[in-house]
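K.L.:
Supplied in structure tokens, the structure appears directly below.
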Amino acid sequence: KEQEMITTKKNISDEEDIRGLIRDEIEGSGRTLYWLSTKMGISPPYMSQILGGSRRISVTHLLRILEILKVQVVIGIDAPLMSNGQQHP
């Protein structure tokens with residue numbers, strides 16, 4: 001059975017937003033930090049340090065976490081405004 005995709009738009013601007021998104025996804029899925037760390041092959045204390053902010057999250061770990069949690073991320077960049085206040089085409 002195909003799982004229904006739920007789309008939620010969130011503006012992510014820094015590492016704390018990323019950690020918050022991951023924590024929300026873990027909680028929303030009914031999973032635990034222990035479950036995720038086991039899937040990642042890292043210790044629960046290490047995962048806790050990543051999500052708590054005392055360790056930086058590597059791109060490799062981030063991509064693996066998003067894959068495990070089945071979170072799709074779309075990166076968009078806001079175009080800067082021109083001097084007349086309009087957005088670049």
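Labeling convention for the structure tokens: chains A, B, ... as they appear, residues from 1 per chain, ligands from 1 in order of appearance.
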If we count only C-alpha atoms and set the cut-off at 9 Å, which residues sit around region 33-46 of chain A, ignoring sequence neighbours fewer than 6 positions away in its own chain? Please answer as JSON, numbers by chain.
P.N.:
{"A": [23, 26, 27, 55, 61, 64, 65, 68, 69]}
K.L.:
List the neighbours of Gly53 (chain A) out to 10 Å using only C-alpha atoms; skip same-chain residues closer than 3 positions along the sequence, and give me the result as a list in words.
P.N.:
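The residues satisfying every condition are Glu15, Glu16, Arg19, Met47, Ser48, Gln49, Ile50, Arg56 and Ile57 of chain A.
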K.L.:
Any chance you can output those residues with C-alpha atoms as a PDB file, in the first residue's frame?
P.N.:
ATOM      1  CA  GLU A  15      20.837  24.568  12.170  1.00  0.00           C
ATOM      2  CA  GLU A  16      18.449  24.956  15.114  1.00  0.00           C
ATOM      3  CA  ARG A  19      17.192  20.071  14.599  1.00  0.00           C
ATOM      4  CA  MET A  47      22.317  11.478  18.518  1.00  0.00           C
ATOM      5  CA  SER A  48      21.136  13.383  21.577  1.00  0.00           C
ATOM      6  CA  GLN A  49      24.158  15.692  21.297  1.00  0.00           C
ATOM      7  CA  ILE A  50      23.390  16.314  17.622  1.00  0.00           C
ATOM      8  CA  ARG A  56      27.045  20.030  14.768  1.00  0.00           C
ATOM      9  CA  ILE A  57      25.050  17.926  12.358  1.00  0.00           C
TER      10      ILE A  57
END
